[in-house]
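Accompanying notes for the structure given below.
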Amino acid sequence: MLSTVLTVILAVIGVILCIVVLLQSDRAAGLGAISANANSGDSYWSKNKGSSMEGSLARLTKILGAAFMILALVISFL
């Protein structure tokens with residue numbers, strides 16, 4: 001019974017994690033971030049990124065990813 005409940009929770013977390021990752025903006029800077037434009041990281045936007053929607057989605061992705069991995073590990077030991 002516990003294994004079934006944890007598997008359902010794992011599936012729900014997986015779906016939510018996919019949605020959150022797809023909502024994040026594209027960071028296609030690539031090698032252009034290494035060039036002379038690299039000092040653009042000191043902008044107002046980059047300093048306040050944690051309170052923006054992008055920062056919230058990044059934080060939520062990390063939390064959901066950790067929860068997914070831990071829950072998968074717990075299920076594998078059951």
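Ordering of the structure tokens sets the chain letters (A, B, ...); residue numbers start at 1 within each chain; ligands are numbered from 1 in the order shown.
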Quick one: residues within 12 Å of Gly65 (chain A), only C-alpha atoms counted, chain neighbours fewer than 2 positions away excluded, as a list in words? Leu10, Ile13, Gly14, Val15, Ile16, Leu17, Cys18, Val20, Val21, Leu57, Ala58, Arg59, Leu60, Thr61, Lys62, Ile63, Ala67, Phe68, Met69, Ile70, Leu71 and Ala72 of chain A
Leaving out Ile75 (chain A) and any residue of its chain fewer than 2 positions from it, which residues lie within 8 Å of it when counting only C-alpha atoms, given as a ChimeraX atom specification? /A:3,6-7,71-73,77-78
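CA of Leu23 (chain A) is found 22.9 Å from CA of Val8 (chain A).
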Computed interatomic separation between CA of Ser76 (chain A) and CA of Ile19 (chain A) (Å): 24.6 Å
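For the pair CA of Glu54 (chain A) and CA of Leu22 (chain A), the separation is 11.8 Å.
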